[in-house]
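Asker: Please find input-v6.cif (mmCIF, C-alpha atoms and all ligand atoms) on the next line:
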data_data
loop_
_atom_site.label_atom_id
_atom_site.label_comp_id
_atom_site.auth_asym_id
_atom_site.auth_seq_id
_atom_site.Cartn_x
_atom_site.Cartn_y
_atom_site.Cartn_z
CA MET M 1 147.19 26.74 -9.74
CA LYS M 2 146.43 29.20 -12.50
CA ASN M 3 148.95 29.90 -15.26
CA ILE M 4 149.47 33.67 -15.23
CA LYS M 5 150.20 33.67 -18.98
CA ASP M 6 146.54 32.68 -19.55
CA TYR M 7 145.44 36.20 -18.65
CA SER M 8 144.98 39.21 -20.86
CA ILE M 9 145.92 42.37 -19.00
CA GLU M 10 142.24 43.21 -18.39
CA SER M 11 141.45 39.77 -16.99
CA LEU M 12 144.59 39.84 -14.82
CA LYS M 13 143.39 43.11 -13.31
CA GLU M 14 140.12 41.40 -12.42
CA GLU M 15 141.96 38.40 -10.95
CA LEU M 16 144.15 40.68 -8.84
CA SER M 17 141.13 42.52 -7.48
CA LYS M 18 139.97 39.16 -6.08
CA ILE M 19 143.10 39.09 -3.90
CA ASN M 20 142.64 42.79 -2.99
CA GLU M 21 145.36 44.16 -5.25
CA LYS M 22 145.24 47.33 -7.33
CA PRO M 23 144.85 47.09 -11.14
CA TYR M 24 148.21 48.80 -11.87
CA ARG M 25 149.93 45.75 -10.38
CA ALA M 26 148.90 43.85 -13.52
CA GLU M 27 151.00 46.24 -15.62
CA GLN M 28 154.00 45.66 -13.34
CA ILE M 29 153.58 41.89 -13.48
CA TYR M 30 153.23 42.01 -17.28
CA LYS M 31 156.49 43.94 -17.48
CA TRP M 32 158.31 41.33 -15.43
CA ILE M 33 156.96 38.43 -17.46
CA TYR M 34 157.03 39.78 -21.00
CA GLU M 35 159.88 42.34 -20.87
CA GLU M 36 162.17 41.04 -18.19
CA LYS M 37 161.17 37.41 -18.91
CA VAL M 38 161.38 36.32 -15.29
CA SER M 39 160.06 32.89 -14.42
CA ASN M 40 159.72 33.39 -10.69
CA PHE M 41 157.46 35.75 -8.73
CA ASP M 42 160.24 36.18 -6.14
CA ASP M 43 162.32 37.97 -8.80
CA MET M 44 159.66 40.71 -9.19
CA THR M 45 161.54 42.98 -6.86
CA ASN M 46 159.32 46.08 -7.09
CA LEU M 47 156.35 44.10 -5.73
CA SER M 48 155.86 43.85 -1.97
CA LEU M 49 156.81 40.61 -0.25
CA ASP M 50 153.15 40.21 0.65
CA LEU M 51 152.05 40.44 -3.00
CA ARG M 52 154.79 38.06 -4.13
CA LYS M 53 153.57 35.59 -1.51
CA LYS M 54 149.96 35.93 -2.76
CA LEU M 55 151.09 35.44 -6.36
CA ASN M 56 153.03 32.32 -5.39
CA GLU M 57 149.93 30.96 -3.70
CA THR M 58 147.61 31.73 -6.62
CA PHE M 59 149.58 31.46 -9.88
CA ILE M 60 152.37 29.67 -11.67
CA ILE M 61 154.49 31.00 -14.53
CA LYS M 62 154.39 28.02 -16.87
CA GLU M 63 157.53 27.41 -18.93
CA PHE M 64 157.75 24.41 -21.26
CA LYS M 65 160.66 22.01 -21.38
CA ILE M 66 162.15 21.05 -24.75
CA GLN M 67 161.60 17.34 -25.26
CA LYS M 68 163.07 17.24 -28.75
CA LYS M 69 164.51 19.74 -31.23
CA GLN M 70 165.13 19.04 -34.92
CA VAL M 71 167.03 21.51 -37.09
CA ALA M 72 166.66 21.32 -40.89
CA SER M 73 169.39 22.30 -43.31
CA ASP M 74 167.44 25.46 -44.28
CA GLY M 75 167.34 26.57 -40.64
CA THR M 76 163.74 25.51 -39.90
CA ILE M 77 163.51 24.21 -36.35
CA LYS M 78 160.84 21.84 -35.12
CA TYR M 79 160.29 21.66 -31.37
CA LEU M 80 158.48 19.07 -29.35
CA PHE M 81 157.56 20.72 -26.05
CA ASP M 82 156.72 18.96 -22.84
CA VAL M 83 153.68 20.88 -21.58
CA LEU M 84 154.19 19.55 -18.04
CA ASP M 85 151.07 17.40 -17.75
CA GLY M 86 152.38 14.33 -19.57
CA ASN M 87 151.46 15.71 -23.01
CA ALA M 88 153.67 17.10 -25.75
CA ILE M 89 152.99 19.62 -28.51
CA GLU M 90 154.93 20.76 -31.51
CA THR M 91 155.93 24.19 -32.69
CA VAL M 92 157.91 25.11 -35.79
CA LEU M 93 160.23 28.08 -36.24
CA MET M 94 160.84 29.26 -39.80
CA LYS M 95 163.41 31.79 -40.93
CA TYR M 96 162.39 34.13 -43.73
CA HIS M 97 164.16 37.13 -45.24
CA TYR M 98 161.75 39.40 -43.31
CA GLY M 99 162.29 37.73 -39.94
CA TYR M 100 161.24 34.78 -37.83
CA SER M 101 157.86 33.17 -38.18
CA ILE M 102 156.44 30.62 -35.79
CA CYS M 103 153.80 27.99 -36.43
CA VAL M 104 151.95 27.27 -33.20
CA SER M 105 149.66 24.42 -32.18
CA SER M 106 146.26 25.25 -30.72
CA GLN M 107 145.16 21.84 -29.43
CA ILE M 108 146.68 18.57 -28.28
CA GLY M 109 145.48 16.35 -31.11
CA CYS M 110 142.75 17.36 -33.51
CA LYS M 111 139.12 16.34 -34.11
CA MET M 112 138.88 17.40 -37.73
CA GLY M 113 140.35 14.32 -39.42
CA CYS M 114 141.63 15.93 -42.65
CA LYS M 115 142.86 13.01 -44.70
CA PHE M 116 146.09 14.64 -45.92
CA CYS M 117 147.20 15.67 -42.44
CA ALA M 118 149.74 13.80 -40.36
CA SER M 119 147.83 14.80 -37.22
CA THR M 120 144.99 12.54 -38.32
CA GLY M 121 145.25 9.53 -36.13
CA ILE M 122 146.46 11.53 -33.16
CA PRO M 123 143.45 11.46 -30.86
CA PHE M 124 142.14 14.73 -29.54
CA VAL M 125 143.26 15.15 -25.94
CA ARG M 126 142.42 18.72 -24.98
CA ASN M 127 142.50 22.36 -25.97
CA LEU M 128 145.63 24.36 -25.24
CA SER M 129 145.09 27.28 -22.89
CA SER M 130 145.89 30.82 -24.03
CA GLY M 131 149.04 30.78 -21.90
CA GLU M 132 150.19 27.54 -23.52
CA ILE M 133 149.81 29.12 -26.95
CA VAL M 134 151.72 32.23 -25.81
CA GLU M 135 154.41 30.09 -24.15
CA GLN M 136 155.23 28.36 -27.45
CA ILE M 137 156.42 31.72 -28.77
CA MET M 138 158.25 32.63 -25.57
CA ALA M 139 159.95 29.22 -25.27
CA VAL M 140 161.31 29.45 -28.82
CA GLU M 141 162.46 33.05 -28.32
CA ARG M 142 164.26 31.99 -25.13
CA ASP M 143 165.88 28.99 -26.73
CA GLU M 144 167.11 30.77 -29.86
CA ASN M 145 167.57 34.21 -28.29
CA ILE M 146 165.54 35.85 -31.06
CA ARG M 147 162.49 38.03 -31.51
CA ILE M 148 159.64 36.45 -33.46
CA SER M 149 157.77 38.76 -35.82
CA ASN M 150 155.07 36.50 -37.33
CA VAL M 151 152.73 33.94 -35.84
CA VAL M 152 150.66 31.42 -37.79
CA PHE M 153 148.10 29.15 -36.17
CA MET M 154 148.84 26.27 -38.48
CA GLY M 155 150.26 23.62 -36.17
CA ILE M 156 148.30 20.78 -34.63
CA GLY M 157 144.66 21.52 -33.93
CA GLU M 158 141.82 23.54 -35.40
CA PRO M 159 142.18 27.02 -33.88
CA LEU M 160 138.50 27.90 -34.32
CA ASP M 161 137.57 24.75 -32.39
CA ASN M 162 139.43 26.34 -29.44
CA TYR M 163 137.96 29.74 -30.20
CA GLU M 164 137.96 31.56 -26.84
CA ASN M 165 141.51 30.55 -25.89
CA VAL M 166 142.88 31.37 -29.34
CA VAL M 167 141.24 34.82 -29.47
CA ASN M 168 142.46 35.56 -25.94
CA ALA M 169 145.98 34.37 -26.85
CA ILE M 170 145.96 36.73 -29.85
CA LYS M 171 145.13 39.64 -27.52
CA ILE M 172 148.19 38.76 -25.39
CA ILE M 173 150.45 38.20 -28.41
CA ASN M 174 149.29 41.50 -29.88
CA ASN M 175 149.43 43.61 -26.69
CA PRO M 176 152.36 46.09 -26.81
CA LYS M 177 152.91 45.38 -23.11
CA ALA M 178 153.15 41.63 -23.78
CA LEU M 179 154.59 40.09 -26.97
CA ASN M 180 153.83 43.13 -29.12
CA ILE M 181 153.39 41.30 -32.43
CA GLY M 182 151.12 43.27 -34.78
CA ALA M 183 147.73 41.69 -35.55
CA ARG M 184 148.52 41.87 -39.24
CA HIS M 185 151.46 39.56 -38.54
CA ILE M 186 149.21 36.96 -36.96
CA SER M 187 147.38 34.46 -39.13
CA ILE M 188 144.67 31.96 -38.17
CA SER M 189 144.28 28.95 -40.39
CA THR M 190 140.97 27.11 -40.30
CA SER M 191 139.60 24.00 -41.93
CA GLY M 192 136.31 25.90 -42.25
CA ILE M 193 134.17 26.06 -39.11
CA VAL M 194 131.65 28.45 -40.63
CA PRO M 195 129.86 29.85 -37.51
CA LYS M 196 133.23 30.72 -35.95
CA ILE M 197 134.32 32.57 -39.10
CA TYR M 198 131.22 34.80 -38.73
CA LYS M 199 132.07 35.26 -35.04
CA LEU M 200 135.72 36.12 -35.74
CA ALA M 201 134.62 38.78 -38.23
CA GLU M 202 132.90 40.58 -35.33
CA GLU M 203 135.96 40.55 -33.01
CA ASN M 204 137.63 43.60 -34.50
CA ILE M 205 141.02 41.87 -34.61
CA GLN M 206 143.01 42.70 -37.70
CA CYS M 207 144.57 39.25 -38.04
CA THR M 208 144.75 37.38 -41.34
CA LEU M 209 142.33 34.55 -41.94
CA SER M 210 143.55 31.63 -43.91
CA ILE M 211 141.04 29.01 -45.08
CA SER M 212 142.01 25.48 -46.06
CA LEU M 213 140.00 24.97 -49.23
CA HIS M 214 141.99 22.23 -50.97
CA ALA M 215 139.23 21.19 -53.39
CA THR M 216 136.73 22.67 -55.80
CA THR M 217 133.75 20.31 -55.56
CA ASN M 218 131.91 19.18 -52.45
CA GLU M 219 132.41 15.56 -53.39
CA GLN M 220 136.16 16.00 -53.65
CA ARG M 221 136.44 18.20 -50.54
CA SER M 222 134.34 15.90 -48.35
CA LYS M 223 136.69 13.05 -49.19
CA MET M 224 139.68 15.12 -48.08
CA MET M 225 138.08 17.04 -45.23
CA PRO M 226 135.14 15.61 -43.27
CA VAL M 227 134.28 19.14 -42.04
CA ASN M 228 132.86 19.70 -45.53
CA ASN M 229 129.97 17.36 -44.67
CA THR M 230 128.90 19.89 -42.06
CA TYR M 231 129.86 23.15 -43.78
CA ASN M 232 130.09 22.82 -47.55
CA ILE M 233 132.03 24.96 -50.02
CA GLU M 234 129.11 27.32 -50.73
CA GLU M 235 128.52 28.02 -47.02
CA LEU M 236 132.24 28.41 -46.45
CA LEU M 237 132.70 30.94 -49.24
CA LYS M 238 129.66 32.88 -48.05
CA ALA M 239 131.26 33.17 -44.60
CA ALA M 240 134.58 34.15 -46.21
CA LYS M 241 132.85 36.96 -48.14
CA ASP M 242 131.24 38.18 -44.92
CA TYR M 243 134.68 38.19 -43.22
CA ILE M 244 136.15 40.26 -46.05
CA ALA M 245 133.23 42.69 -46.04
CA LYS M 246 133.41 43.23 -42.27
CA THR M 247 137.20 43.38 -41.84
CA ASN M 248 138.32 44.60 -45.24
CA ARG M 249 141.11 42.03 -44.92
CA ARG M 250 142.25 39.82 -47.76
CA ILE M 251 141.66 36.11 -47.14
CA SER M 252 144.25 33.55 -47.96
CA PHE M 253 142.97 30.25 -49.37
CA GLU M 254 145.23 27.28 -48.80
CA TYR M 255 145.22 24.70 -51.57
CA ALA M 256 147.39 21.61 -51.04
CA LEU M 257 148.07 20.06 -54.39
CA ALA M 258 148.01 16.29 -54.40
CA LYS M 259 148.92 14.27 -57.47
CA GLU M 260 145.95 13.20 -59.62
CA ASN M 261 143.56 14.34 -56.94
CA ASN M 262 143.02 18.09 -57.19
CA ASP M 263 145.86 19.31 -59.38
CA ASN M 264 144.57 19.29 -62.97
CA LEU M 265 143.41 22.11 -65.21
CA GLU M 266 139.71 21.40 -64.56
CA ASP M 267 140.36 21.97 -60.84
CA ALA M 268 142.13 25.23 -61.61
CA LYS M 269 139.19 26.38 -63.78
CA ARG M 270 136.65 25.59 -61.05
CA LEU M 271 138.81 27.35 -58.48
CA VAL M 272 138.85 30.51 -60.58
CA LYS M 273 135.05 30.35 -60.86
CA LEU M 274 134.65 29.99 -57.11
CA LEU M 275 137.01 32.80 -56.13
CA LYS M 276 136.52 35.31 -58.94
CA GLY M 277 135.96 38.82 -57.60
CA MET M 278 136.94 38.02 -54.01
CA LEU M 279 139.64 39.95 -52.14
CA CYS M 280 141.84 36.90 -51.76
CA HIS M 281 145.09 35.16 -52.39
CA VAL M 282 145.69 31.48 -53.10
CA ASN M 283 148.56 29.77 -51.38
CA LEU M 284 149.47 26.60 -53.26
CA ILE M 285 151.09 24.00 -51.05
CA PRO M 286 153.08 21.14 -52.49
CA ILE M 287 151.60 18.44 -50.24
CA ASN M 288 154.03 16.61 -48.01
CA LYS M 289 154.22 12.90 -48.56
CA ILE M 290 152.75 11.37 -45.45
CA GLU M 291 153.81 8.01 -44.14
CA ASN M 292 150.96 5.58 -44.90
CA GLY M 293 149.00 8.46 -46.40
CA LYS M 294 147.33 8.05 -49.76
CA TYR M 295 148.22 11.50 -51.10
CA GLN M 296 151.36 12.08 -53.07
CA LYS M 297 153.07 15.30 -54.02
CA SER M 298 152.10 16.88 -57.33
CA SER M 299 154.88 17.31 -59.91
CA ASN M 300 156.69 20.66 -60.01
CA GLU M 301 155.52 21.13 -63.59
CA ASN M 302 151.87 20.69 -62.58
CA ILE M 303 152.23 23.03 -59.62
CA ILE M 304 153.66 25.77 -61.83
CA LYS M 305 150.97 25.25 -64.51
CA PHE M 306 148.26 25.45 -61.84
CA ARG M 307 149.70 28.67 -60.41
CA ASP M 308 150.10 30.27 -63.83
CA TYR M 309 146.52 29.45 -64.78
CA LEU M 310 145.22 31.15 -61.63
CA ASN M 311 147.42 34.19 -62.09
CA ASP M 312 146.49 34.52 -65.76
CA SER M 313 142.83 34.38 -64.75
CA GLY M 314 143.18 37.24 -62.25
CA ILE M 315 143.51 35.21 -59.05
CA VAL M 316 146.73 36.00 -57.18
CA ALA M 317 148.44 32.71 -56.42
CA THR M 318 151.84 31.80 -55.02
CA ILE M 319 153.58 28.56 -54.23
CA ARG M 320 154.57 28.11 -50.62
CA ARG M 321 158.26 27.64 -50.12
CA GLU M 322 158.92 24.19 -48.75
CA LEU M 323 160.66 24.59 -45.46
CA GLY M 324 162.03 21.88 -43.26
CA SER M 325 161.67 19.19 -45.88
CA ASP M 326 164.53 17.18 -44.41
CA ILE M 327 162.85 17.11 -41.02
CA ASP M 328 159.23 16.03 -40.57
CA ALA M 329 157.48 19.03 -42.02
CA ALA M 330 153.84 17.95 -42.16
CA CYS M 331 152.12 18.90 -38.93
CA GLY M 332 151.82 16.08 -36.46
CA GLN M 333 154.64 13.96 -37.81
CA LEU M 334 157.19 14.67 -35.13
CA ARG M 335 154.73 14.08 -32.33
CA ARG M 336 153.39 10.88 -33.84
CA LYS M 337 156.85 9.40 -34.04
CA ASN M 338 157.30 10.07 -30.36
CA LEU M 339 154.03 8.57 -29.17
S1 LIG M 401 144.96 19.91 -41.23
FE1 LIG M 401 144.65 21.03 -39.31
S2 LIG M 401 142.43 20.87 -38.95
FE2 LIG M 401 142.94 19.27 -40.42
S3 LIG M 401 143.35 17.42 -39.15
FE3 LIG M 401 145.32 18.47 -39.51
S4 LIG M 401 145.59 19.77 -37.70
FE4 LIG M 401 143.42 19.21 -37.79
#
Would it be possible to restate this file's structure as structure tokens?
Answerer:
Amino acid sequence: MKNIKDYSIESLKEELSKINEKPYRAEQIYKWIYEEKVSNFDDMTNLSLDLRKKLNETFIIKEFKIQKKQVASDGTIKYLFDVLDGNAIETVLMKYHYGYSICVSSQIGCKMGCKFCASTGIPFVRNLSSGEIVEQIMAVERDENIRISNVVFMGIGEPLDNYENVVNAIKIINNPKALNIGARHISISTSGIVPKIYKLAEENIQCTLSISLHATTNEQRSKMMPVNNTYNIEELLKAAKDYIAKTNRRISFEYALAKENNDNLEDAKRLVKLLKGMLCHVNLIPINKIENGKYQKSSNENIIKFRDYLNDSGIVATIRRELGSDIDAACGQLRRKNL
């Protein structure tokens, strides 16, 4: 059975034509699913009984079950969802002064093997479908009775390694007739799959691209992120410049500071050299201490010095607020404990 949430409105129209139904039916079905939030085709009362029967025979409306929910003292909520095939994924809800932001997973497991990430060690199982990405947002909205305003693809998985499903999910998330979240409020975070960055630049989606840089020399970055052996810093920054030139969007570079690894003044100087003149922002992340991991959090003093050096050198840098630190905040941790 096909999950109806996997379909953009255009592709649903095509699917419906295969069962001899008119395209406008897709708009009606979208309204029931995304506005009325029904979970049963039989509740779509303005559709004929015949159409409801065909829909029941062809599609399902997939809704996740909550397997576990952890609430931090700052209000951050970490969900472990049962995706109904024996697998589980995690999704994090964060509360900011401007609204609710959700961090979604794009894959079950991850192939990238970044050394500082708690997902490392979780074997790659499969890509999430577009509908499973969309359902993470809907399941959290249902559970908390809220409206989410920001989506970041920063959970488990490398979104650009699941390119087609992620781009299709963004179209559904962004569609005013579906979740209606503005593209500028959607952010994709990549470890640096260079050919897909070039491809994304051509999509004409106004979402924010966030690149995990984390190091300033290839030697250092390859140790932290094996992807650097395939696409090195120079190639990555060339693709980033192309993305900026084509989309006119500012790129956000993620830089996780780890004690005595990439957090000294020499690193800050090299970072300035690499990013000088680019339309970008640096997001400094105090690294989460990972069980059995070799990276430790940088001191607050070092983090502030690093930020100030960048800002004084003309590179806009901010320190990411640590949310959910009393639950398992590094991606992958909750799921790994439940394996
Ligand atoms: S940081 Fe992201 S890309 Fe890297 S291993 Fe973890 S989930 Fe995968």
Asker: Out of M:Ala239, M:Cys110, M:Ile211, M:Leu284, which residue has the shortest atom-to-atom distance to ligand LIG 401 (chain M) when counting all atoms listed in the file?
Answerer: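 Ranking M:Ala239, M:Cys110, M:Ile211, M:Leu284 by distance to ligand LIG 401 (chain M), first place goes to M:Cys110.
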Asker: Show me the residues around (163.5, 28.9, -38.4) - criterion: an atom at most 10 Å away, all atoms listed in the file counted - as a VMD selection string.
Answerer: chain M and resid 71 to 72 74 to 78 92 to 96 99 to 103 140 144 148 323 to 324
Asker: Just write the chosen residues, C-alpha atoms, as a PDB file, keeping the file's coordinate frame.
Answerer:
ATOM      1  CA  VAL M  71     167.030  21.510 -37.090  1.00  0.00           C
ATOM      2  CA  ALA M  72     166.660  21.320 -40.890  1.00  0.00           C
ATOM      3  CA  ASP M  74     167.440  25.460 -44.280  1.00  0.00           C
ATOM      4  CA  GLY M  75     167.340  26.570 -40.640  1.00  0.00           C
ATOM      5  CA  THR M  76     163.740  25.510 -39.900  1.00  0.00           C
ATOM      6  CA  ILE M  77     163.510  24.210 -36.350  1.00  0.00           C
ATOM      7  CA  LYS M  78     160.840  21.840 -35.120  1.00  0.00           C
ATOM      8  CA  VAL M  92     157.910  25.110 -35.790  1.00  0.00           C
ATOM      9  CA  LEU M  93     160.230  28.080 -36.240  1.00  0.00           C
ATOM     10  CA  MET M  94     160.840  29.260 -39.800  1.00  0.00           C
ATOM     11  CA  LYS M  95     163.410  31.790 -40.930  1.00  0.00           C
ATOM     12  CA  TYR M  96     162.390  34.130 -43.730  1.00  0.00           C
ATOM     13  CA  GLY M  99     162.290  37.730 -39.940  1.00  0.00           C
ATOM     14  CA  TYR M 100     161.240  34.780 -37.830  1.00  0.00           C
ATOM     15  CA  SER M 101     157.860  33.170 -38.180  1.00  0.00           C
ATOM     16  CA  ILE M 102     156.440  30.620 -35.790  1.00  0.00           C
ATOM     17  CA  CYS M 103     153.800  27.990 -36.430  1.00  0.00           C
ATOM     18  CA  VAL M 140     161.310  29.450 -28.820  1.00  0.00           C
ATOM     19  CA  GLU M 144     167.110  30.770 -29.860  1.00  0.00           C
ATOM     20  CA  ILE M 148     159.640  36.450 -33.460  1.00  0.00           C
ATOM     21  CA  LEU M 323     160.660  24.590 -45.460  1.00  0.00           C
ATOM     22  CA  GLY M 324     162.030  21.880 -43.260  1.00  0.00           C
TER      23      GLY M 324
END
Asker: Return as a list in words the residues of protein, DNA or RNA that approach ligand LIG 401 (chain M) to within 7 Å, with only C-alpha atoms and all ligand atoms taken into account.
Answerer: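 Final answer, ordered by chain and number: Cys110, Lys111, Met112, Gly113, Cys114, Cys117, Ala118, Ser119, Thr120, Met154, Gly155, Ile156, Gly157, Glu158, Thr190, Ser191 and Cys331 of chain M.
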Asker: Given all atoms listed in the file, how would the per-residue table for segment 107-197 of chain M near segment 81-87 of chain M read, listing every residue at most 9 Å away with its closest atom pair and distance in Å to one decimal, sorted by chain and number, as a tab-separated table?
Answerer:
residue	atom	partner	partner_atom	distance
M:Ile108	CA	M:Asn87	CA	7.7
M:Val125	CA	M:Asn87	CA	8.7
M:Glu132	CA	M:Val83	CA	7.8
M:Gln136	CA	M:Phe81	CA	8.1
M:Ala139	CA	M:Phe81	CA	8.9
Asker: Go through M:Asn248, M:Asn261, M:Ser17, M:Asn165 one by one, measure the shortest atom-to-atom distance of each to Glu219 of chain M using all atoms listed in the file, and give the residue with the smallest value.
Answerer: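 Using all atoms listed in the file, Glu219 of chain M sits closest to M:Asn261.
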Asker: Please build the interface table for segment 145-257 of chain M against segment 308-320 of chain M with a cut-off of 12 Å, listing for each qualifying residue the nearest atom pair and the distance in Å to one decimal; count all atoms listed in the file, order rows by chain and increasing number, and write it as JSON lines.
Answerer:
{"residue": "M:Arg250", "atom": "CA", "partner": "M:Val316", "partner_atom": "CA", "distance": 11.1}
{"residue": "M:Ile251", "atom": "CA", "partner": "M:Val316", "partner_atom": "CA", "distance": 11.2}
{"residue": "M:Ser252", "atom": "CA", "partner": "M:Ala317", "partner_atom": "CA", "distance": 9.5}
{"residue": "M:Phe253", "atom": "CA", "partner": "M:Ala317", "partner_atom": "CA", "distance": 9.3}
{"residue": "M:Glu254", "atom": "CA", "partner": "M:Arg320", "partner_atom": "CA", "distance": 9.6}
{"residue": "M:Tyr255", "atom": "CA", "partner": "M:Ile319", "partner_atom": "CA", "distance": 9.6}
{"residue": "M:Ala256", "atom": "CA", "partner": "M:Arg320", "partner_atom": "CA", "distance": 9.7}
{"residue": "M:Leu257", "atom": "CA", "partner": "M:Ile319", "partner_atom": "CA", "distance": 10.1}
Asker: Atom CA of Pro123 of chain M and atom CA of Gln70 of chain M, how far apart in Å?
Answerer: 23.3 Å
Asker: Using all atoms listed in the file, pick whichever of M:Asn262, M:Asn283, M:Ser210, M:Asn162 has the shortest atom-to-atom distance to Gln296 of chain M.
Answerer: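 Closest to Gln296 of chain M of all the choices is M:Asn262.
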Asker: Quick one: pull the distance between atom CA of Val104 of chain M and atom CA of Asp242 of chain M, Å, one decimal.
Answerer: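 So the two atoms, atom CA of Val104 of chain M and atom CA of Asp242 of chain M, lie 26.2 Å apart.
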Asker: In Å to one decimal, how far is atom CA of Leu213 of chain M from atom CA of Leu236 of chain M?
Answerer: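 The value is 8.9 Å.
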Asker: Return the single residue from M:Lys5, M:Arg184, M:Lys241, M:Arg270 that is closest to Ile137 of chain M, with distances computed using all atoms listed in the file.
Answerer: M:Lys5
Asker: Which one is closest to Leu265 of chain M: M:Ile285, M:Ile233, M:Ile303, M:Leu49? Count all atoms listed in the file.
Answerer: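 Closest residue, counting all atoms listed in the file: M:Ile303.
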Asker: Show me as a ChimeraX atom specification the residues that reach within 12 Å of (156.7, 41.9, -12.8), counting all atoms listed in the file and using the file's own coordinates.
Answerer: /M:4,24-48,51-52,55,61,177-178
Asker: Looking at M:Asn228, M:Thr216, M:Asn302, M:Ser106, which one is nearest to Ser189 of chain M, with distances taken over all atoms listed in the file?
Answerer: M:Ser106
Asker: Generate a file for segment 21-37 of chain M, containing N, CA and C atoms, as a short mmCIF file (atom, residue, chain, number, x, y, z; two decimals), in the first residue's frame.
Answerer:
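Output saved as result_0.cif:
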data_model
loop_
_atom_site.label_atom_id
_atom_site.label_comp_id
_atom_site.auth_asym_id
_atom_site.auth_seq_id
_atom_site.Cartn_x
_atom_site.Cartn_y
_atom_site.Cartn_z
N GLU M 21 -9.65 9.11 -11.66
CA GLU M 21 -10.24 10.19 -10.86
C GLU M 21 -9.70 11.54 -11.34
N LYS M 22 -10.52 12.56 -11.20
CA LYS M 22 -10.18 13.90 -11.68
C LYS M 22 -9.12 14.55 -10.78
N PRO M 23 -8.27 15.42 -11.38
CA PRO M 23 -7.19 16.05 -10.60
C PRO M 23 -7.68 16.83 -9.38
N TYR M 24 -8.87 17.49 -9.48
CA TYR M 24 -9.29 18.33 -8.34
C TYR M 24 -9.52 17.51 -7.07
N ARG M 25 -9.68 16.21 -7.23
CA ARG M 25 -9.86 15.34 -6.06
C ARG M 25 -8.62 15.40 -5.14
N ALA M 26 -7.46 15.62 -5.78
CA ALA M 26 -6.21 15.69 -4.99
C ALA M 26 -6.29 16.86 -4.01
N GLU M 27 -6.86 17.98 -4.48
CA GLU M 27 -6.99 19.16 -3.60
C GLU M 27 -7.91 18.84 -2.43
N GLN M 28 -9.00 18.11 -2.73
CA GLN M 28 -9.94 17.76 -1.65
C GLN M 28 -9.27 16.83 -0.63
N ILE M 29 -8.54 15.87 -1.15
CA ILE M 29 -7.87 14.91 -0.25
C ILE M 29 -6.81 15.64 0.61
N TYR M 30 -6.06 16.54 -0.04
CA TYR M 30 -5.07 17.33 0.70
C TYR M 30 -5.73 18.08 1.86
N LYS M 31 -6.89 18.66 1.58
CA LYS M 31 -7.59 19.43 2.59
C LYS M 31 -7.96 18.55 3.79
N TRP M 32 -8.44 17.36 3.48
CA TRP M 32 -8.80 16.45 4.57
C TRP M 32 -7.58 16.06 5.40
N ILE M 33 -6.49 15.78 4.71
CA ILE M 33 -5.31 15.29 5.44
C ILE M 33 -4.60 16.41 6.20
N TYR M 34 -4.35 17.52 5.50
CA TYR M 34 -3.49 18.55 6.10
C TYR M 34 -4.25 19.65 6.86
N GLU M 35 -5.54 19.86 6.51
CA GLU M 35 -6.31 20.86 7.26
C GLU M 35 -7.16 20.21 8.32
N GLU M 36 -7.91 19.21 7.89
CA GLU M 36 -8.83 18.55 8.83
C GLU M 36 -8.12 17.48 9.65
N LYS M 37 -6.94 17.06 9.17
CA LYS M 37 -6.10 16.08 9.87
C LYS M 37 -6.81 14.74 10.10
#
